[in-house]
Amino acid sequence: MNDKIIRRDFLKKAAWAGASISLLSRVPAEAITTSQDIFTSKGEHFTLAFHTQKGLFSILRNDGSMLLQNGTVRFNLDGETRSLTSPAFKHRVRSSRITDQFGTGQMVRILSEDTDRIMDTEIQIVLYDRLEVITIQTILANSSRHDLILSGQEPVCVIQENGGRLFIPGVTRCITNGALYYDAGRIHTFGTPFEKAVPYGETKGGRMKNSRFSETEETVHSWWNAGFFSGYDREGLVLGYIENNRSLGQLLIARIQPDQVLFTTESVYNPGYLLKPGQKIGSDRFAILMDRNPYNALESYASMAGAAGNARTHSIINGWCNWFYTYEHTSEEEIIRNAEFAAGNLKKYGMEYIQVDEGYQRWHGDWEGNERFPHGMKWLADRIKGYGLKAGIWVAPYVVSEPTELFQKNPEWFLRNEDGSLRRVGPWPEEDTDWARNENPKRYGLDITHPGAAGWLHDLVDTMANRWGYEMIKIDFVAWSLLSAHHYFDASVTAAQAYRKGFEIMRKAAGEKCHFLDCGPGAVTIGLTDSMRIELDQNYGYSDDAWKQYFLNPSSSGPAAAKRYYFHKKTWINDADHICMNLLSVNQSQAAATLIALSGGNIMSGDRLTELDAGRLEILTKVLPAYGEAARPVDLFDSDLPSVFALKISKPFGEWTVAGFFNASLSEPVIRSFPVERLWLLPDQPYLVYDFWKQKFMGEITGDIQITVPPGSVTLLTFHAKSGVPQVISTSRHVLQGAIELEQATWDTGMQTLTGISRGLPDSSHYVTVYLPEPEPWKQKQGLFHDYGSYSVNRIENNIVRIWMHFRDKDRLAWQMNKDS
């Protein structure tokens with residue numbers, strides 16, 4: 001790959017693609033060659049051009065088509081936006097080979113000197129050899145003699161006034177992201193009004209300088225990243241920050257013509273962020289990424305973000321939490337009663353953790369147990385561990401109530417307003433509201449950039465994890481406390497840096513083994529947190545609200561699990577919230593439990609376990625433990641409420657697909673129709689279909705599937721490619737039907753025998769369902785059961801046999817069957 005002044009073939013490719021490069025269009029090729037105004041660098045997939053006089057860059061695909069036209073960089077300085085298109089900037093370009101965690105490539109460095117001596121800029125653009133990815137990062141340096149207030153920078157700005165365009169053939173929709181957890185993003189159809197989520201506890205920091213492109217242009221807002229959709233079988237494109245170590249990365253997007261999009265990125269700091277003379281600040285790396293379809297593009301983006309942050313993706317929680325039925329009115333006795341029940345009834349199915357939620361503390365900021373926890377929090381953790389379980393605890397580390405000793409003795413440790421007064425924090429929209437005025441006691445935000453506050457935070461988490469013995473810590477309320485700062489005690493720290501610094505302090509204090517569950521706003525804590533709450537908790541009321549928690553809102557558990565599926569096990573473990581069945585019907589309970597299981601992440605029961613009836617308790621056992629892999633949303637781009645998920649299970653002995661078809665309506669059935677390719681199945685392959693919750697063989701399909709889902713329920717189907725020999729098609733133990741409990745299932749053609757090994761729980765039973773390609777007519781003299789010691793063979797239909805496993809004093813059982821069984 002050679003870097004040189006613009007060549008004529010580059011111009012020819014641009015013209016052939018039918019899209020002009022505005023930065024080239026006014027200058028003849030000969031003039032460009034002699035004046036050396038335009039620098040180019042060609043990679044394996046893309047060619048970059050930078051106009052050294054205009055401060056604009058364009059990116060051409062190497063098939064000759066235009067990708068990005070006339071991008072630039074802007075930054076927001078003390079209320080004023082400055083752009084590299086200003087004649088005050090003088091640009092030089094350097095290029096070199098690099099190797100990073102993503103591979104090898106060519107880095108182009110654009111050095112922009114500010115002749116006004118205010119802010120010098122460096123743009124780093126990497127064209128990778130093997131990946132269809134471009135990464136862009138900007139670094140600002142204060143070249144003045146004065147402190148500068150810098151609220152953010154825009155490392156990629158593709159806007160109308162510069163003739164900017166992003167070309168995406170056939171684009172019709174996009175998937176956005178929101179600040180975790182309250183906003184799960186939108187599936188937005190271009191040409192329709194964009195509706196932001198209506199939040200509770202909106203992130204107080206991270207407000208972009210710009211909110212729209214113009215009054216006439218549709219503007220879509222997204223946190224962190226956005227994906228573009230031109231069809232399920234067409235190339236996908238993702239724009240997104242792969243790092244958020246210094247900033248809260250966000251995007252504005254607008255489609256202005258059928259194949260053309262405007263966008264600008266903004267690396268948001270905080271309103272009072274101070275850049276001192278000679279000091280530098282980066283934007284964090286931003287990626288433009290393409291892959292063969294929209295799913296692969298989203299997954300590749302998340303993989304890059306996870307690799308950049310050294311993500312922690314191996315610890316998954318199977319547990320119980322009190323919040324959704326006690327709220328803040330919990331007690332030591334309530335926790336122990338449920339821990340005892342879990343140890344006796346659910347531990348053997350994989351439940352490990354008992355997590356104490358809000359309500360145990362004396363005040364926010366005084367985390368010792370209150371009068372309802374008379375023995376203290378260490379005693380409680382020891383009791384939980386005495387049942388053979390692990391203890392977890394909730395904390396809002398940056399929220400401190402006014403009556404606490406911490407606040408009264410250390411007022412200098414707390415966030416301040418611009419005028420120096422103490423800054424109140426709370427989930428209310430603004431401090432000048434009745435909600436805020438009537439709050440009692442008042443709460444304030446701990447500023448952990450102050451050494452004293454940082455030390456206190458370390459000691460708190462060290463106490464919880466190492467002295468008390470809690471092995472899981474749920475961290476909450478960050479969005480409207482720490483991130484609400486106008487500025488910090490250390491004014492050179494951004495909001496994202498403070499957020500990450502807090503997690504670094506807590507991780508160092510707790511150690512590597514403690515599981516952190518971050519309740520958002522996310523992305524910044526990749527590599528420090530283990531799991532991330534991904535949806536809006538809204539189960540506050542009776543049955544209607546309990547159902548809304550899962551399916552009825554664009555940020556409910558179901559839509560969130562769909563719109564954020566691609567982060568799971570790439571950046572963190574997804575947490576789609578608790579399974580709460582007490583107020584739901586049996587069918588609704590099956591749907592809620594199945595949804596959380598298909599999310600692949602943490603599985604937390606949120607009911608009073610001692611009051612669960614046998615039917616709902618059995619539902620809970622069938623989703624424990626978590627399998628760990630997330631199902632793909634089949635209808636991700638069809639609506640803002642995706643409702644069909646498919647998960648491919650691959651084992652050494654075979655593979656199958658489990659698909660959940662959900663119906664959120666409580667009054668009307670819904671018909672779901674798809675070609676099987678949408679479930680990532682082969683169109684000409686016959687499949688055997690089994691309904692898990694009905695425990696019924698549904699027959700054979702090829703090509704297309706149509707399902708009628710009753711109101712308020714799930715139809716959970718398993719698809720096995722028909723093999724022509726006896727084969728296992730389901731089990732009754734777990735919703736993934738073999739992923740957890742089936743160790744082997746093999747047909748021996750020579751012996752004409754199906755052999756298998758199943759795992760189970762001592763003193764328990766479950767069955768394996770086997771399909772016979774040759775029907776076996778019913779015979780009275782044969783009987784319905786054949787017993788073979790620890791297992792029995794039960795013929796139930798012409799083509800269906802159940803093998804009952806009886807795990808008496810063991811957890812592993814070998815079995816076999818043949819035509820005489």
# chains A, B, ... in the order shown; residues from 1 in each chain; ligands from 1
>>> select_by_dssp(residues="region 571-757 of chain A", states="alpha helix (DSSP H)", output="list in words")
Val586, Asn587, Gln588, Ser589, Gln590, Ala591, Ala592, Ala593, Thr594, Leu595, Ile596, Ala597, Leu598, Ser599, Ala614, Gly615, Arg616, Leu617, Glu618, Ile619, Leu620 and Thr621 of chain A
>>> write_last_selection(atoms="N, CA, C and O atoms", output="PDB file, in the first residue's frame")
ATOM      1  N   VAL A 586     -49.986 -18.579  34.208  1.00  0.00           N
ATOM      2  CA  VAL A 586     -49.005 -19.617  33.904  1.00  0.00           C
ATOM      3  C   VAL A 586     -48.421 -19.403  32.514  1.00  0.00           C
ATOM      4  O   VAL A 586     -47.202 -19.479  32.315  1.00  0.00           O
ATOM      5  N   ASN A 587     -49.263 -19.101  31.525  1.00  0.00           N
ATOM      6  CA  ASN A 587     -48.755 -18.864  30.167  1.00  0.00           C
ATOM      7  C   ASN A 587     -47.835 -17.652  30.119  1.00  0.00           C
ATOM      8  O   ASN A 587     -46.792 -17.664  29.451  1.00  0.00           O
ATOM      9  N   GLN A 588     -48.231 -16.585  30.807  1.00  0.00           N
ATOM     10  CA  GLN A 588     -47.372 -15.401  30.856  1.00  0.00           C
ATOM     11  C   GLN A 588     -46.054 -15.713  31.570  1.00  0.00           C
ATOM     12  O   GLN A 588     -44.994 -15.229  31.170  1.00  0.00           O
ATOM     13  N   SER A 589     -46.133 -16.520  32.615  1.00  0.00           N
ATOM     14  CA  SER A 589     -44.930 -16.895  33.361  1.00  0.00           C
ATOM     15  C   SER A 589     -43.971 -17.680  32.482  1.00  0.00           C
ATOM     16  O   SER A 589     -42.752 -17.465  32.512  1.00  0.00           O
ATOM     17  N   GLN A 590     -44.497 -18.582  31.688  1.00  0.00           N
ATOM     18  CA  GLN A 590     -43.662 -19.326  30.752  1.00  0.00           C
ATOM     19  C   GLN A 590     -42.982 -18.374  29.769  1.00  0.00           C
ATOM     20  O   GLN A 590     -41.796 -18.524  29.450  1.00  0.00           O
ATOM     21  N   ALA A 591     -43.730 -17.375  29.303  1.00  0.00           N
ATOM     22  CA  ALA A 591     -43.180 -16.417  28.351  1.00  0.00           C
ATOM     23  C   ALA A 591     -42.054 -15.602  28.988  1.00  0.00           C
ATOM     24  O   ALA A 591     -40.978 -15.419  28.394  1.00  0.00           O
ATOM     25  N   ALA A 592     -42.288 -15.080  30.198  1.00  0.00           N
ATOM     26  CA  ALA A 592     -41.274 -14.262  30.868  1.00  0.00           C
ATOM     27  C   ALA A 592     -40.010 -15.065  31.136  1.00  0.00           C
ATOM     28  O   ALA A 592     -38.889 -14.593  30.887  1.00  0.00           O
ATOM     29  N   ALA A 593     -40.177 -16.279  31.643  1.00  0.00           N
ATOM     30  CA  ALA A 593     -39.016 -17.110  31.957  1.00  0.00           C
ATOM     31  C   ALA A 593     -38.256 -17.503  30.692  1.00  0.00           C
ATOM     32  O   ALA A 593     -37.025 -17.490  30.662  1.00  0.00           O
ATOM     33  N   THR A 594     -38.989 -17.851  29.639  1.00  0.00           N
ATOM     34  CA  THR A 594     -38.349 -18.226  28.373  1.00  0.00           C
ATOM     35  C   THR A 594     -37.557 -17.059  27.805  1.00  0.00           C
ATOM     36  O   THR A 594     -36.428 -17.230  27.312  1.00  0.00           O
ATOM     37  N   LEU A 595     -38.128 -15.871  27.870  1.00  0.00           N
ATOM     38  CA  LEU A 595     -37.442 -14.682  27.351  1.00  0.00           C
ATOM     39  C   LEU A 595     -36.100 -14.477  28.042  1.00  0.00           C
ATOM     40  O   LEU A 595     -35.068 -14.274  27.382  1.00  0.00           O
ATOM     41  N   ILE A 596     -36.090 -14.520  29.369  1.00  0.00           N
ATOM     42  CA  ILE A 596     -34.848 -14.298  30.106  1.00  0.00           C
ATOM     43  C   ILE A 596     -33.845 -15.404  29.802  1.00  0.00           C
ATOM     44  O   ILE A 596     -32.644 -15.150  29.650  1.00  0.00           O
ATOM     45  N   ALA A 597     -34.328 -16.629  29.651  1.00  0.00           N
ATOM     46  CA  ALA A 597     -33.422 -17.731  29.309  1.00  0.00           C
ATOM     47  C   ALA A 597     -32.806 -17.531  27.937  1.00  0.00           C
ATOM     48  O   ALA A 597     -31.602 -17.761  27.740  1.00  0.00           O
ATOM     49  N   LEU A 598     -33.600 -17.084  26.964  1.00  0.00           N
ATOM     50  CA  LEU A 598     -33.087 -16.887  25.610  1.00  0.00           C
ATOM     51  C   LEU A 598     -32.152 -15.681  25.522  1.00  0.00           C
ATOM     52  O   LEU A 598     -31.370 -15.575  24.579  1.00  0.00           O
ATOM     53  N   SER A 599     -32.221 -14.774  26.506  1.00  0.00           N
ATOM     54  CA  SER A 599     -31.291 -13.637  26.503  1.00  0.00           C
ATOM     55  C   SER A 599     -29.859 -14.088  26.734  1.00  0.00           C
ATOM     56  O   SER A 599     -28.918 -13.374  26.392  1.00  0.00           O
ATOM     57  N   ALA A 614     -46.454 -24.635  42.860  1.00  0.00           N
ATOM     58  CA  ALA A 614     -45.643 -25.703  42.262  1.00  0.00           C
ATOM     59  C   ALA A 614     -45.445 -25.488  40.768  1.00  0.00           C
ATOM     60  O   ALA A 614     -44.355 -25.740  40.231  1.00  0.00           O
ATOM     61  N   GLY A 615     -46.485 -25.007  40.071  1.00  0.00           N
ATOM     62  CA  GLY A 615     -46.384 -24.818  38.628  1.00  0.00           C
ATOM     63  C   GLY A 615     -45.368 -23.760  38.252  1.00  0.00           C
ATOM     64  O   GLY A 615     -44.549 -23.951  37.349  1.00  0.00           O
ATOM     65  N   ARG A 616     -45.398 -22.621  38.939  1.00  0.00           N
ATOM     66  CA  ARG A 616     -44.446 -21.551  38.630  1.00  0.00           C
ATOM     67  C   ARG A 616     -43.039 -21.907  39.100  1.00  0.00           C
ATOM     68  O   ARG A 616     -42.050 -21.539  38.461  1.00  0.00           O
ATOM     69  N   LEU A 617     -42.956 -22.624  40.201  1.00  0.00           N
ATOM     70  CA  LEU A 617     -41.647 -23.078  40.656  1.00  0.00           C
ATOM     71  C   LEU A 617     -41.022 -24.023  39.630  1.00  0.00           C
ATOM     72  O   LEU A 617     -39.820 -23.941  39.340  1.00  0.00           O
ATOM     73  N   GLU A 618     -41.830 -24.875  39.031  1.00  0.00           N
ATOM     74  CA  GLU A 618     -41.322 -25.774  37.996  1.00  0.00           C
ATOM     75  C   GLU A 618     -40.849 -24.988  36.773  1.00  0.00           C
ATOM     76  O   GLU A 618     -39.822 -25.317  36.165  1.00  0.00           O
ATOM     77  N   ILE A 619     -41.581 -23.934  36.415  1.00  0.00           N
ATOM     78  CA  ILE A 619     -41.137 -23.090  35.298  1.00  0.00           C
ATOM     79  C   ILE A 619     -39.751 -22.524  35.592  1.00  0.00           C
ATOM     80  O   ILE A 619     -38.860 -22.524  34.726  1.00  0.00           O
ATOM     81  N   LEU A 620     -39.535 -22.062  36.811  1.00  0.00           N
ATOM     82  CA  LEU A 620     -38.238 -21.492  37.177  1.00  0.00           C
ATOM     83  C   LEU A 620     -37.132 -22.535  37.055  1.00  0.00           C
ATOM     84  O   LEU A 620     -36.036 -22.235  36.566  1.00  0.00           O
ATOM     85  N   THR A 621     -37.411 -23.762  37.476  1.00  0.00           N
ATOM     86  CA  THR A 621     -36.377 -24.800  37.391  1.00  0.00           C
ATOM     87  C   THR A 621     -36.002 -25.110  35.951  1.00  0.00           C
ATOM     88  O   THR A 621     -34.872 -25.538  35.677  1.00  0.00           O
TER      89      THR A 621
END
>>> residues_around(residues="region 569-573 of chain A", least_positions_apart="2", cutoff="7 Å", atoms="only C-alpha atoms", output="ChimeraX atom specification")
/A:302-303,305-306,311-313,316,526,530-532,567,575,601
>>> residues_around(residues="Ser96 (chain A)", least_positions_apart="4", cutoff="9 Å", atoms="only C-alpha atoms", output="JSON, numbers by chain")
{"A": [105, 106, 107, 108, 109]}
>>> write_last_selection(atoms="C-alpha atoms", output="mmCIF file, in the first residue's frame")
data_model
loop_
_atom_site.group_PDB
_atom_site.id
_atom_site.type_symbol
_atom_site.label_atom_id
_atom_site.label_comp_id
_atom_site.auth_asym_id
_atom_site.auth_seq_id
_atom_site.Cartn_x
_atom_site.Cartn_y
_atom_site.Cartn_z
ATOM 1 C CA GLY A 105 -3.140 -1.654 8.803
ATOM 2 C CA GLN A 106 -2.173 1.799 7.639
ATOM 3 C CA MET A 107 -2.523 4.738 10.051
ATOM 4 C CA VAL A 108 -2.899 8.183 8.534
ATOM 5 C CA ARG A 109 -2.152 11.031 10.972
#
>>> atom_distance(atom1="CA of Glu340 (chain A)", atom2="CA of Leu389 (chain A)")
9.5 Å
>>> closest_residue(among="A:Gln695, A:Thr85, A:Thr753, A:Asn798", to="Met817 (chain A)", atoms="only C-alpha atoms")
A:Thr753
>>> closest_residue(among="A:Ile505, A:Ala453, A:Ile253, A:Ile649", to="Lys409 (chain A)", atoms="only C-alpha atoms")
A:Ala453
>>> residues_around(residues="Asn582 (chain A)", least_positions_apart="5", cutoff="10 Å", atoms="only C-alpha atoms", output="ChimeraX atom specification")
/A:325,542-543,546,589,606-609,611-613,616
>>> residues_around(residues="Asp357 (chain A)", least_positions_apart="6", cutoff="9 Å", atoms="only C-alpha atoms", output="number ranges by chain")
A: 321-323, 327-328, 330, 392-395, 474
>>> closest_residue(among="A:Val634, A:Val133, A:Ile800, A:Ile354", to="Phe661 (chain A)", atoms="only C-alpha atoms")
A:Val634
>>> residues_around(residues="Leu406 (chain A)", least_positions_apart="5", cutoff="8 Å", atoms="only C-alpha atoms", output="MDAnalysis selection string")
chainID A and resid 365:366 400
>>> write_last_selection(atoms="N, CA and C atoms", output="PDB file, in the first residue's frame")
ATOM      1  N   GLY A 365     -25.292   6.294  51.644  1.00  0.00           N
ATOM      2  CA  GLY A 365     -24.037   6.820  52.180  1.00  0.00           C
ATOM      3  C   GLY A 365     -23.674   6.252  53.531  1.00  0.00           C
ATOM      4  N   ASP A 366     -24.607   5.594  54.198  1.00  0.00           N
ATOM      5  CA  ASP A 366     -24.331   4.861  55.439  1.00  0.00           C
ATOM      6  C   ASP A 366     -24.840   3.444  55.206  1.00  0.00           C
ATOM      7  N   VAL A 400     -25.363  10.189  48.485  1.00  0.00           N
ATOM      8  CA  VAL A 400     -25.174  10.338  49.928  1.00  0.00           C
ATOM      9  C   VAL A 400     -26.265  11.240  50.486  1.00  0.00           C
TER      10      VAL A 400
END
